[in-house]
$ cat work06.tsv   # TSV, N, CA and C atoms and all ligand atoms
chain	number	residue	atom	x	y	z
Q	1	MET	N	194.65	164.28	161.97
Q	1	MET	CA	195.00	162.88	162.20
Q	1	MET	C	195.10	162.13	160.87
Q	2	ALA	N	196.09	161.32	160.80
Q	2	ALA	CA	196.31	160.57	159.55
Q	2	ALA	C	195.20	159.54	159.34
Q	3	TYR	N	195.04	159.15	158.13
Q	3	TYR	CA	194.04	158.14	157.77
Q	3	TYR	C	194.39	156.80	158.41
Q	4	LEU	N	195.67	156.48	158.34
Q	4	LEU	CA	196.14	155.25	158.98
Q	4	LEU	C	197.32	155.61	159.86
Q	5	ASN	N	197.24	155.26	161.11
Q	5	ASN	CA	198.32	155.60	162.04
Q	5	ASN	C	199.19	154.39	162.36
Q	6	TRP	N	200.48	154.64	162.32
Q	6	TRP	CA	201.40	153.59	162.73
Q	6	TRP	C	201.23	153.36	164.22
Q	7	SER	N	201.22	152.11	164.61
Q	7	SER	CA	201.23	151.85	166.04
Q	7	SER	C	202.26	150.76	166.30
Q	8	ASP	N	202.77	150.70	167.51
Q	8	ASP	CA	203.80	149.71	167.82
Q	8	ASP	C	203.29	148.28	167.66
Q	9	ASP	N	201.98	148.13	167.65
Q	9	ASP	CA	201.41	146.80	167.40
Q	9	ASP	C	201.82	146.28	166.03
Q	10	PHE	N	202.14	147.20	165.13
Q	10	PHE	CA	202.53	146.80	163.77
Q	10	PHE	C	203.95	146.26	163.70
Q	11	SER	N	204.71	146.48	164.74
Q	11	SER	CA	206.12	146.09	164.67
Q	11	SER	C	206.29	144.57	164.58
Q	12	VAL	N	207.13	144.14	163.62
Q	12	VAL	CA	207.47	142.72	163.52
Q	12	VAL	C	208.86	142.47	164.13
Q	13	ASN	N	209.38	143.51	164.77
Q	13	ASN	CA	210.67	143.43	165.46
Q	13	ASN	C	211.84	143.16	164.51
Q	14	VAL	N	211.73	143.64	163.30
Q	14	VAL	CA	212.82	143.60	162.33
Q	14	VAL	C	212.92	145.01	161.76
Q	15	LYS	N	214.05	145.64	162.02
Q	15	LYS	CA	214.20	147.07	161.74
Q	15	LYS	C	213.89	147.46	160.29
Q	16	GLU	N	214.52	146.74	159.37
Q	16	GLU	CA	214.36	147.08	157.95
Q	16	GLU	C	212.89	146.93	157.51
Q	17	ILE	N	212.25	145.89	157.99
Q	17	ILE	CA	210.86	145.63	157.58
Q	17	ILE	C	209.91	146.63	158.24
Q	18	ASP	N	210.14	146.94	159.50
Q	18	ASP	CA	209.31	147.95	160.16
Q	18	ASP	C	209.39	149.28	159.40
Q	19	ALA	N	210.60	149.63	158.98
Q	19	ALA	CA	210.78	150.89	158.25
Q	19	ALA	C	209.99	150.87	156.94
Q	20	GLN	N	209.99	149.74	156.27
Q	20	GLN	CA	209.24	149.62	155.02
Q	20	GLN	C	207.73	149.67	155.27
Q	21	HIS	N	207.31	149.03	156.34
Q	21	HIS	CA	205.88	149.08	156.67
Q	21	HIS	C	205.44	150.52	156.98
Q	22	ARG	N	206.30	151.25	157.69
Q	22	ARG	CA	205.99	152.66	157.97
Q	22	ARG	C	205.83	153.44	156.67
Q	23	MET	N	206.71	153.14	155.73
Q	23	MET	CA	206.66	153.82	154.44
Q	23	MET	C	205.35	153.48	153.71
Q	24	LEU	N	204.92	152.24	153.79
Q	24	LEU	CA	203.66	151.86	153.14
Q	24	LEU	C	202.47	152.57	153.78
Q	25	VAL	N	202.51	152.69	155.10
Q	25	VAL	CA	201.46	153.42	155.81
Q	25	VAL	C	201.43	154.86	155.28
Q	26	GLU	N	202.62	155.42	155.13
Q	26	GLU	CA	202.73	156.79	154.63
Q	26	GLU	C	202.18	156.93	153.21
Q	27	LYS	N	202.46	155.93	152.38
Q	27	LYS	CA	201.99	155.97	150.99
Q	27	LYS	C	200.46	155.95	150.95
Q	28	ILE	N	199.86	155.15	151.82
Q	28	ILE	CA	198.39	155.11	151.86
Q	28	ILE	C	197.85	156.45	152.34
Q	29	ASN	N	198.52	157.04	153.31
Q	29	ASN	CA	198.09	158.37	153.77
Q	29	ASN	C	198.22	159.42	152.67
Q	30	MET	N	199.27	159.31	151.88
Q	30	MET	CA	199.45	160.25	150.76
Q	30	MET	C	198.32	160.11	149.75
Q	31	LEU	N	197.94	158.87	149.53
Q	31	LEU	CA	196.85	158.59	148.59
Q	31	LEU	C	195.54	159.17	149.12
Q	32	HIS	N	195.34	158.99	150.40
Q	32	HIS	CA	194.13	159.53	151.03
Q	32	HIS	C	194.10	161.05	150.91
Q	33	GLN	N	195.25	161.65	151.17
Q	33	GLN	CA	195.33	163.11	151.07
Q	33	GLN	C	195.08	163.58	149.63
Q	34	ALA	N	195.60	162.82	148.68
Q	34	ALA	CA	195.38	163.18	147.26
Q	34	ALA	C	193.90	163.12	146.92
Q	35	MET	N	193.19	162.20	147.55
Q	35	MET	CA	191.75	162.10	147.32
Q	35	MET	C	191.04	163.30	147.94
Q	36	LEU	N	191.40	163.64	149.19
Q	36	LEU	CA	190.77	164.77	149.88
Q	36	LEU	C	191.03	166.08	149.12
Q	37	ASP	N	192.24	166.20	148.59
Q	37	ASP	CA	192.61	167.42	147.89
Q	37	ASP	C	192.08	167.48	146.47
Q	38	ASN	N	191.35	166.43	146.08
Q	38	ASN	CA	190.86	166.37	144.71
Q	38	ASN	C	191.96	166.56	143.68
Q	39	LYS	N	193.08	165.96	143.98
Q	39	LYS	CA	194.18	166.03	143.01
Q	39	LYS	C	193.73	165.38	141.71
Q	40	GLY	N	194.31	165.80	140.63
Q	40	GLY	CA	193.93	165.26	139.33
Q	40	GLY	C	194.27	163.79	139.19
Q	41	ARG	N	193.67	163.20	138.18
Q	41	ARG	CA	193.87	161.77	137.97
Q	41	ARG	C	195.34	161.41	137.79
Q	42	GLU	N	196.05	162.24	137.07
Q	42	GLU	CA	197.46	161.92	136.82
Q	42	GLU	C	198.29	161.92	138.10
Q	43	ALA	N	198.01	162.88	138.96
Q	43	ALA	CA	198.73	162.95	140.23
Q	43	ALA	C	198.39	161.73	141.08
Q	44	GLN	N	197.11	161.36	141.06
Q	44	GLN	CA	196.69	160.19	141.84
Q	44	GLN	C	197.33	158.93	141.29
Q	45	GLN	N	197.37	158.88	139.98
Q	45	GLN	CA	197.94	157.70	139.33
Q	45	GLN	C	199.42	157.54	139.71
Q	46	GLU	N	200.09	158.66	139.77
Q	46	GLU	CA	201.50	158.62	140.12
Q	46	GLU	C	201.70	158.06	141.53
Q	47	ILE	N	200.83	158.47	142.44
Q	47	ILE	CA	200.94	157.98	143.82
Q	47	ILE	C	200.58	156.49	143.89
Q	48	ILE	N	199.57	156.11	143.13
Q	48	ILE	CA	199.18	154.69	143.09
Q	48	ILE	C	200.36	153.86	142.59
Q	49	GLN	N	200.97	154.35	141.54
Q	49	GLN	CA	202.11	153.63	140.97
Q	49	GLN	C	203.27	153.55	141.97
Q	50	GLY	N	203.52	154.66	142.64
Q	50	GLY	CA	204.58	154.70	143.64
Q	50	GLY	C	204.33	153.71	144.75
Q	51	MET	N	203.06	153.63	145.17
Q	51	MET	CA	202.72	152.71	146.25
Q	51	MET	C	202.89	151.26	145.79
Q	52	ALA	N	202.40	150.97	144.59
Q	52	ALA	CA	202.49	149.60	144.06
Q	52	ALA	C	203.94	149.17	143.89
Q	53	GLU	N	204.76	150.07	143.38
Q	53	GLU	CA	206.18	149.73	143.19
Q	53	GLU	C	206.86	149.52	144.53
Q	54	TYR	N	206.54	150.38	145.47
Q	54	TYR	CA	207.17	150.23	146.78
Q	54	TYR	C	206.73	148.93	147.46
Q	55	ALA	N	205.45	148.60	147.30
Q	55	ALA	CA	204.94	147.35	147.88
Q	55	ALA	C	205.72	146.17	147.31
Q	56	ASN	N	206.00	146.20	146.02
Q	56	ASN	CA	206.75	145.10	145.41
Q	56	ASN	C	208.17	144.99	145.95
Q	57	VAL	N	208.81	146.14	146.13
Q	57	VAL	CA	210.16	146.15	146.70
Q	57	VAL	C	210.11	145.54	148.11
Q	58	HIS	N	209.10	145.97	148.84
Q	58	HIS	CA	208.94	145.48	150.21
Q	58	HIS	C	208.67	143.97	150.25
Q	59	PHE	N	207.80	143.49	149.37
Q	59	PHE	CA	207.49	142.06	149.34
Q	59	PHE	C	208.77	141.26	149.03
Q	60	GLU	N	209.55	141.79	148.13
Q	60	GLU	CA	210.79	141.10	147.78
Q	60	GLU	C	211.73	141.01	148.99
Q	61	THR	N	211.77	142.07	149.77
Q	61	THR	CA	212.61	142.05	150.98
Q	61	THR	C	212.16	140.94	151.92
Q	62	GLU	N	210.86	140.91	152.19
Q	62	GLU	CA	210.35	139.88	153.11
Q	62	GLU	C	210.62	138.48	152.56
Q	63	GLU	N	210.36	138.31	151.29
Q	63	GLU	CA	210.51	136.98	150.69
Q	63	GLU	C	211.97	136.54	150.66
Q	64	LYS	N	212.87	137.49	150.48
Q	64	LYS	CA	214.30	137.20	150.50
Q	64	LYS	C	214.71	136.62	151.86
Q	65	TYR	N	214.24	137.27	152.93
Q	65	TYR	CA	214.54	136.75	154.27
Q	65	TYR	C	213.91	135.38	154.48
Q	66	MET	N	212.68	135.24	154.01
Q	66	MET	CA	211.98	133.95	154.21
Q	66	MET	C	212.73	132.81	153.54
Q	67	ARG	N	213.22	133.07	152.35
Q	67	ARG	CA	213.98	132.02	151.64
Q	67	ARG	C	215.29	131.75	152.37
Q	68	ARG	N	215.96	132.82	152.76
Q	68	ARG	CA	217.25	132.68	153.41
Q	68	ARG	C	217.13	131.92	154.73
Q	69	LEU	N	216.01	132.13	155.41
Q	69	LEU	CA	215.85	131.54	156.74
Q	69	LEU	C	214.97	130.30	156.72
Q	70	ASP	N	214.71	129.77	155.52
Q	70	ASP	CA	213.87	128.58	155.38
Q	70	ASP	C	212.56	128.70	156.15
Q	71	TYR	N	211.90	129.78	155.95
Q	71	TYR	CA	210.65	130.00	156.66
Q	71	TYR	C	209.57	129.05	156.13
Q	72	PRO	N	208.97	128.26	157.02
Q	72	PRO	CA	208.02	127.25	156.54
Q	72	PRO	C	206.76	127.83	155.87
Q	73	GLY	N	206.38	129.05	156.24
Q	73	GLY	CA	205.16	129.63	155.67
Q	73	GLY	C	205.41	130.42	154.39
Q	74	TYR	N	206.56	130.22	153.79
Q	74	TYR	CA	206.97	131.03	152.63
Q	74	TYR	C	205.95	131.05	151.49
Q	75	ARG	N	205.54	129.87	151.05
Q	75	ARG	CA	204.67	129.82	149.86
Q	75	ARG	C	203.32	130.46	150.09
Q	76	LYS	N	202.77	130.20	151.26
Q	76	LYS	CA	201.46	130.78	151.60
Q	76	LYS	C	201.57	132.31	151.67
Q	77	HIS	N	202.66	132.75	152.26
Q	77	HIS	CA	202.86	134.19	152.43
Q	77	HIS	C	203.07	134.87	151.07
Q	78	LYS	N	203.87	134.24	150.26
Q	78	LYS	CA	204.14	134.78	148.92
Q	78	LYS	C	202.84	134.89	148.11
Q	79	ALA	N	201.97	133.90	148.27
Q	79	ALA	CA	200.69	133.92	147.55
Q	79	ALA	C	199.86	135.15	147.96
Q	80	GLU	N	199.92	135.49	149.24
Q	80	GLU	CA	199.20	136.69	149.72
Q	80	GLU	C	199.77	137.95	149.06
Q	81	HIS	N	201.08	138.00	148.95
Q	81	HIS	CA	201.72	139.15	148.30
Q	81	HIS	C	201.29	139.24	146.84
Q	82	GLU	N	201.23	138.09	146.20
Q	82	GLU	CA	200.85	138.08	144.78
Q	82	GLU	C	199.43	138.56	144.59
Q	83	ARG	N	198.56	138.18	145.50
Q	83	ARG	CA	197.16	138.64	145.40
Q	83	ARG	C	197.09	140.16	145.51
Q	84	PHE	N	197.85	140.70	146.43
Q	84	PHE	CA	197.85	142.15	146.59
Q	84	PHE	C	198.44	142.83	145.35
Q	85	ALA	N	199.53	142.28	144.85
Q	85	ALA	CA	200.19	142.87	143.67
Q	85	ALA	C	199.23	142.89	142.48
Q	86	GLU	N	198.43	141.84	142.34
Q	86	GLU	CA	197.43	141.80	141.26
Q	86	GLU	C	196.41	142.92	141.42
Q	87	LYS	N	195.92	143.07	142.66
Q	87	LYS	CA	194.93	144.12	142.95
Q	87	LYS	C	195.52	145.50	142.66
Q	88	ALA	N	196.75	145.69	143.06
Q	88	ALA	CA	197.40	146.98	142.86
Q	88	ALA	C	197.58	147.26	141.36
Q	89	TYR	N	197.89	146.21	140.63
Q	89	TYR	CA	198.06	146.35	139.19
Q	89	TYR	C	196.72	146.72	138.53
Q	90	GLU	N	195.68	146.03	138.98
Q	90	GLU	CA	194.32	146.31	138.50
Q	90	GLU	C	193.95	147.77	138.74
Q	91	LEU	N	194.25	148.20	139.95
Q	91	LEU	CA	193.94	149.58	140.34
Q	91	LEU	C	194.71	150.56	139.45
Q	92	HIS	N	195.95	150.24	139.22
Q	92	HIS	CA	196.76	151.10	138.37
Q	92	HIS	C	196.19	151.16	136.96
Q	93	LYS	N	195.74	150.02	136.46
Q	93	LYS	CA	195.14	149.98	135.12
Q	93	LYS	C	193.86	150.82	135.08
Q	94	ARG	N	193.04	150.64	136.13
Q	94	ARG	CA	191.79	151.40	136.20
Q	94	ARG	C	192.06	152.90	136.20
Q	95	SER	N	193.14	153.29	136.88
Q	95	SER	CA	193.44	154.71	137.00
Q	95	SER	C	193.91	155.31	135.67
Q	96	ASN	N	194.08	154.46	134.67
Q	96	ASN	CA	194.41	154.94	133.33
Q	96	ASN	C	193.21	155.50	132.59
Q	97	SER	N	192.02	155.07	132.99
Q	97	SER	CA	190.84	155.51	132.24
Q	97	SER	C	190.40	156.89	132.72
Q	98	SER	N	189.86	157.66	131.79
Q	98	SER	CA	189.59	159.07	132.07
Q	98	SER	C	188.55	159.28	133.18
Q	99	GLY	N	187.65	158.33	133.35
Q	99	GLY	CA	186.60	158.53	134.37
Q	99	GLY	C	187.00	158.07	135.76
Q	100	PHE	N	188.26	157.72	135.92
Q	100	PHE	CA	188.70	157.16	137.20
Q	100	PHE	C	188.61	158.18	138.34
Q	101	VAL	N	188.01	157.74	139.44
Q	101	VAL	CA	187.99	158.58	140.64
Q	101	VAL	C	188.47	157.74	141.81
Q	102	LEU	N	189.39	158.29	142.55
Q	102	LEU	CA	189.89	157.60	143.73
Q	102	LEU	C	188.80	157.64	144.80
Q	103	SER	N	188.40	156.49	145.30
Q	103	SER	CA	187.29	156.48	146.26
Q	103	SER	C	187.74	155.97	147.62
Q	104	LEU	N	186.88	156.23	148.59
Q	104	LEU	CA	187.15	155.75	149.94
Q	104	LEU	C	187.13	154.22	149.97
Q	105	GLU	N	186.36	153.66	149.05
Q	105	GLU	CA	186.27	152.21	148.96
Q	105	GLU	C	187.65	151.61	148.61
Q	106	ILE	N	188.31	152.25	147.65
Q	106	ILE	CA	189.65	151.79	147.26
Q	106	ILE	C	190.62	151.98	148.43
Q	107	LEU	N	190.55	153.17	149.02
Q	107	LEU	CA	191.44	153.47	150.15
Q	107	LEU	C	191.24	152.48	151.29
Q	108	SER	N	189.98	152.17	151.58
Q	108	SER	CA	189.78	151.30	152.73
Q	108	SER	C	190.20	149.87	152.41
Q	109	PHE	N	190.13	149.49	151.15
Q	109	PHE	CA	190.66	148.18	150.78
Q	109	PHE	C	192.17	148.12	151.08
Q	110	LEU	N	192.89	149.14	150.64
Q	110	LEU	CA	194.34	149.18	150.83
Q	110	LEU	C	194.70	149.19	152.32
Q	111	LYS	N	193.99	150.04	153.03
Q	111	LYS	CA	194.23	150.18	154.47
Q	111	LYS	C	193.96	148.87	155.21
Q	112	ASP	N	192.80	148.28	154.93
Q	112	ASP	CA	192.44	147.03	155.62
Q	112	ASP	C	193.40	145.91	155.27
Q	113	TRP	N	193.77	145.86	153.99
Q	113	TRP	CA	194.69	144.79	153.58
Q	113	TRP	C	196.02	144.92	154.32
Q	114	LEU	N	196.55	146.13	154.33
Q	114	LEU	CA	197.86	146.32	154.96
Q	114	LEU	C	197.81	146.01	156.45
Q	115	GLN	N	196.80	146.53	157.12
Q	115	GLN	CA	196.68	146.29	158.57
Q	115	GLN	C	196.57	144.82	158.88
Q	116	GLU	N	195.67	144.18	158.17
Q	116	GLU	CA	195.41	142.76	158.39
Q	116	GLU	C	196.67	141.94	158.07
Q	117	HIS	N	197.32	142.30	156.98
Q	117	HIS	CA	198.49	141.56	156.55
Q	117	HIS	C	199.63	141.69	157.58
Q	118	ILE	N	199.87	142.90	158.02
Q	118	ILE	CA	200.94	143.09	159.01
Q	118	ILE	C	200.58	142.41	160.33
Q	119	LEU	N	199.39	142.68	160.81
Q	119	LEU	CA	199.02	142.22	162.14
Q	119	LEU	C	198.87	140.70	162.23
Q	120	VAL	N	198.49	140.08	161.14
Q	120	VAL	CA	198.27	138.63	161.19
Q	120	VAL	C	199.38	137.87	160.47
Q	121	VAL	N	199.52	138.12	159.16
Q	121	VAL	CA	200.40	137.29	158.34
Q	121	VAL	C	201.89	137.60	158.59
Q	122	ASP	N	202.23	138.88	158.64
Q	122	ASP	CA	203.64	139.23	158.86
Q	122	ASP	C	204.09	138.87	160.27
Q	123	LYS	N	203.20	139.09	161.23
Q	123	LYS	CA	203.55	138.79	162.62
Q	123	LYS	C	203.96	137.34	162.80
Q	124	GLU	N	203.44	136.48	161.92
Q	124	GLU	CA	203.73	135.05	162.05
Q	124	GLU	C	205.21	134.72	161.81
Q	125	TYR	N	205.90	135.55	161.00
Q	125	TYR	CA	207.31	135.22	160.75
Q	125	TYR	C	208.26	135.88	161.76
Q	126	SER	N	207.72	136.78	162.54
Q	126	SER	CA	208.54	137.57	163.44
Q	126	SER	C	209.44	136.70	164.34
Q	127	LYS	N	208.84	135.71	164.98
Q	127	LYS	CA	209.58	134.86	165.90
Q	127	LYS	C	210.66	134.07	165.17
Q	128	HIS	N	210.28	133.53	164.02
Q	128	HIS	CA	211.22	132.75	163.22
Q	128	HIS	C	212.43	133.60	162.79
Q	129	PHE	N	212.15	134.81	162.36
Q	129	PHE	CA	213.23	135.71	161.94
Q	129	PHE	C	214.15	136.02	163.12
Q	130	ASN	N	213.55	136.40	164.24
Q	130	ASN	CA	214.33	136.77	165.43
Q	130	ASN	C	215.16	135.58	165.92
Q	131	GLU	N	214.57	134.42	165.92
Q	131	GLU	CA	215.30	133.23	166.40
Q	131	GLU	C	216.50	132.91	165.50
Q	132	ASN	N	216.42	133.38	164.26
Q	132	ASN	CA	217.52	133.17	163.33
Q	132	ASN	C	218.43	134.39	163.21
Q	133	GLY	N	218.30	135.27	164.18
Q	133	GLY	CA	219.22	136.39	164.27
Q	133	GLY	C	218.88	137.61	163.43
Q	134	VAL	N	217.68	137.62	162.84
Q	134	VAL	CA	217.29	138.80	162.04
Q	134	VAL	C	216.38	139.69	162.89
Q	135	TYR	N	216.88	140.88	163.15
Q	135	TYR	CA	216.12	141.85	163.95
Q	135	TYR	C	215.93	143.14	163.20
Q	201	FE	FE	204.19	140.25	154.07
$ encode --input "work06.tsv" --output "structure tokens"
Amino acid sequence: MAYLNWSDDFSVNVKEIDAQHRMLVEKINMLHQAMLDNKGREAQQEIIQGMAEYANVHFETEEKYMRRLDYPGYRKHKAEHERFAEKAYELHKRSNSSGFVLSLEILSFLKDWLQEHILVVDKEYSKHFNENGVY
């Protein structure tokens, strides 16, 4: 069983965004697997970087729609993305040091953040997007 399982509860009813969220879930699972497999620091770092970069691409997609559709919660939502991006950057920096070990604590932070963000913050724009023809 995967560390984090996609469930239909995660759907925001927008195809492109759901696909990106699935990919983020997958990236977290890859990171978890790298930890279980005791992959070396460099391999872990590569996955961390891949996840952080993908998260940024994904945030840009969401924010692009929010701006286009005049979403009222744009600034608050963007601030949440920025907080995560900072954490991910911090993590990437930490993974540069030789003593870095990927821990369950780090994994659970990523997992909890993503779940909470999708289920609460992202779900809030779902209706607005759909009402404006974005599915
Ligand atoms: Fe978001």
$ residues_near_ligand --input "work06.tsv" --ligand "ligand FE 201 (chain Q)" --cutoff "9 Å" --atoms "only C-alpha atoms and all ligand atoms" --output "PDB file with N, CA and C atoms, keeping the file's coordinate frame"
ATOM      1  N   HIS Q  58     209.100 145.970 148.840  1.00  0.00           N
ATOM      2  CA  HIS Q  58     208.940 145.480 150.210  1.00  0.00           C
ATOM      3  C   HIS Q  58     208.670 143.970 150.250  1.00  0.00           C
ATOM      4  N   PHE Q  59     207.800 143.490 149.370  1.00  0.00           N
ATOM      5  CA  PHE Q  59     207.490 142.060 149.340  1.00  0.00           C
ATOM      6  C   PHE Q  59     208.770 141.260 149.030  1.00  0.00           C
ATOM      7  N   GLU Q  62     210.860 140.910 152.190  1.00  0.00           N
ATOM      8  CA  GLU Q  62     210.350 139.880 153.110  1.00  0.00           C
ATOM      9  C   GLU Q  62     210.620 138.480 152.560  1.00  0.00           C
ATOM     10  N   GLU Q  63     210.360 138.310 151.290  1.00  0.00           N
ATOM     11  CA  GLU Q  63     210.510 136.980 150.690  1.00  0.00           C
ATOM     12  C   GLU Q  63     211.970 136.540 150.660  1.00  0.00           C
ATOM     13  N   HIS Q  77     202.660 132.750 152.260  1.00  0.00           N
ATOM     14  CA  HIS Q  77     202.860 134.190 152.430  1.00  0.00           C
ATOM     15  C   HIS Q  77     203.070 134.870 151.070  1.00  0.00           C
ATOM     16  N   LYS Q  78     203.870 134.240 150.260  1.00  0.00           N
ATOM     17  CA  LYS Q  78     204.140 134.780 148.920  1.00  0.00           C
ATOM     18  C   LYS Q  78     202.840 134.890 148.110  1.00  0.00           C
ATOM     19  N   GLU Q  80     199.920 135.490 149.240  1.00  0.00           N
ATOM     20  CA  GLU Q  80     199.200 136.690 149.720  1.00  0.00           C
ATOM     21  C   GLU Q  80     199.770 137.950 149.060  1.00  0.00           C
ATOM     22  N   HIS Q  81     201.080 138.000 148.950  1.00  0.00           N
ATOM     23  CA  HIS Q  81     201.720 139.150 148.300  1.00  0.00           C
ATOM     24  C   HIS Q  81     201.290 139.240 146.840  1.00  0.00           C
ATOM     25  N   LEU Q 114     196.550 146.130 154.330  1.00  0.00           N
ATOM     26  CA  LEU Q 114     197.860 146.320 154.960  1.00  0.00           C
ATOM     27  C   LEU Q 114     197.810 146.010 156.450  1.00  0.00           C
ATOM     28  N   HIS Q 117     197.320 142.300 156.980  1.00  0.00           N
ATOM     29  CA  HIS Q 117     198.490 141.560 156.550  1.00  0.00           C
ATOM     30  C   HIS Q 117     199.630 141.690 157.580  1.00  0.00           C
ATOM     31  N   ILE Q 118     199.870 142.900 158.020  1.00  0.00           N
ATOM     32  CA  ILE Q 118     200.940 143.090 159.010  1.00  0.00           C
ATOM     33  C   ILE Q 118     200.580 142.410 160.330  1.00  0.00           C
ATOM     34  N   VAL Q 121     199.520 138.120 159.160  1.00  0.00           N
ATOM     35  CA  VAL Q 121     200.400 137.290 158.340  1.00  0.00           C
ATOM     36  C   VAL Q 121     201.890 137.600 158.590  1.00  0.00           C
ATOM     37  N   ASP Q 122     202.230 138.880 158.640  1.00  0.00           N
ATOM     38  CA  ASP Q 122     203.640 139.230 158.860  1.00  0.00           C
ATOM     39  C   ASP Q 122     204.090 138.870 160.270  1.00  0.00           C
ATOM     40  N   LYS Q 123     203.200 139.090 161.230  1.00  0.00           N
ATOM     41  CA  LYS Q 123     203.550 138.790 162.620  1.00  0.00           C
ATOM     42  C   LYS Q 123     203.960 137.340 162.800  1.00  0.00           C
ATOM     43  N   TYR Q 125     205.900 135.550 161.000  1.00  0.00           N
ATOM     44  CA  TYR Q 125     207.310 135.220 160.750  1.00  0.00           C
ATOM     45  C   TYR Q 125     208.260 135.880 161.760  1.00  0.00           C
TER      46      TYR Q 125
END
$ atom_distance --input "work06.tsv" --atom1 "atom C of Ser95 (chain Q)" --atom2 "atom C of Trp113 (chain Q)"
21.5 Å
$ residues_near_point --input "work06.tsv" --point "(211.0, 144.7, 158.8)" --cutoff "10 Å" --atoms "only C-alpha atoms" --output "ChimeraX atom specification"
/Q:11-22,58,61-62,65,122,126,129,134-135
$ closest_residue --input "work06.tsv" --among "Q:Met66, Q:Val25, Q:Leu119, Q:Leu31" --to "Asn5 (chain Q)" --atoms "all atoms listed in the file"
Q:Val25
$ select_by_dssp --input "work06.tsv" --residues "region 15-116 of chain Q" --states "helix (DSSP H, G or I)" --output "PyMOL selection string"
chain Q and resi 15-36+41-68+74-94+104-116
$ atom_distance --input "work06.tsv" --atom1 "CA of Asp8 (chain Q)" --atom2 "CA of Leu91 (chain Q)"
29.2 Å
$ atom_distance --input "work06.tsv" --atom1 "CA of Gly133 (chain Q)" --atom2 "atom C of Ala79 (chain Q)"
25.3 Å
$ closest_residue --input "work06.tsv" --among "Q:Trp6, Q:Gly73, Q:Phe84, Q:Ser97" --to "Arg41 (chain Q)" --atoms "all atoms listed in the file"
Q:Ser97
$ closest_residue --input "work06.tsv" --among "Q:Ala52, Q:Asn29, Q:Leu24, Q:Lys76" --to "Met1 (chain Q)" --atoms "only C-alpha atoms"
Q:Asn29
$ closest_residue --input "work06.tsv" --among "Q:Leu4, Q:His128, Q:Gly50, Q:Glu82" --to "Asp70 (chain Q)" --atoms "only C-alpha atoms"
Q:His128
$ axis_aligned_box --input "work06.tsv" --around "region 45-63 of chain Q" --padding-each-side "5 Å" --output "lines of an AutoDock Vina configuration file"
center_x = 205.0
center_y = 147.7
center_z = 146.2
size_x = 25.2
size_y = 32.3
size_z = 23.8
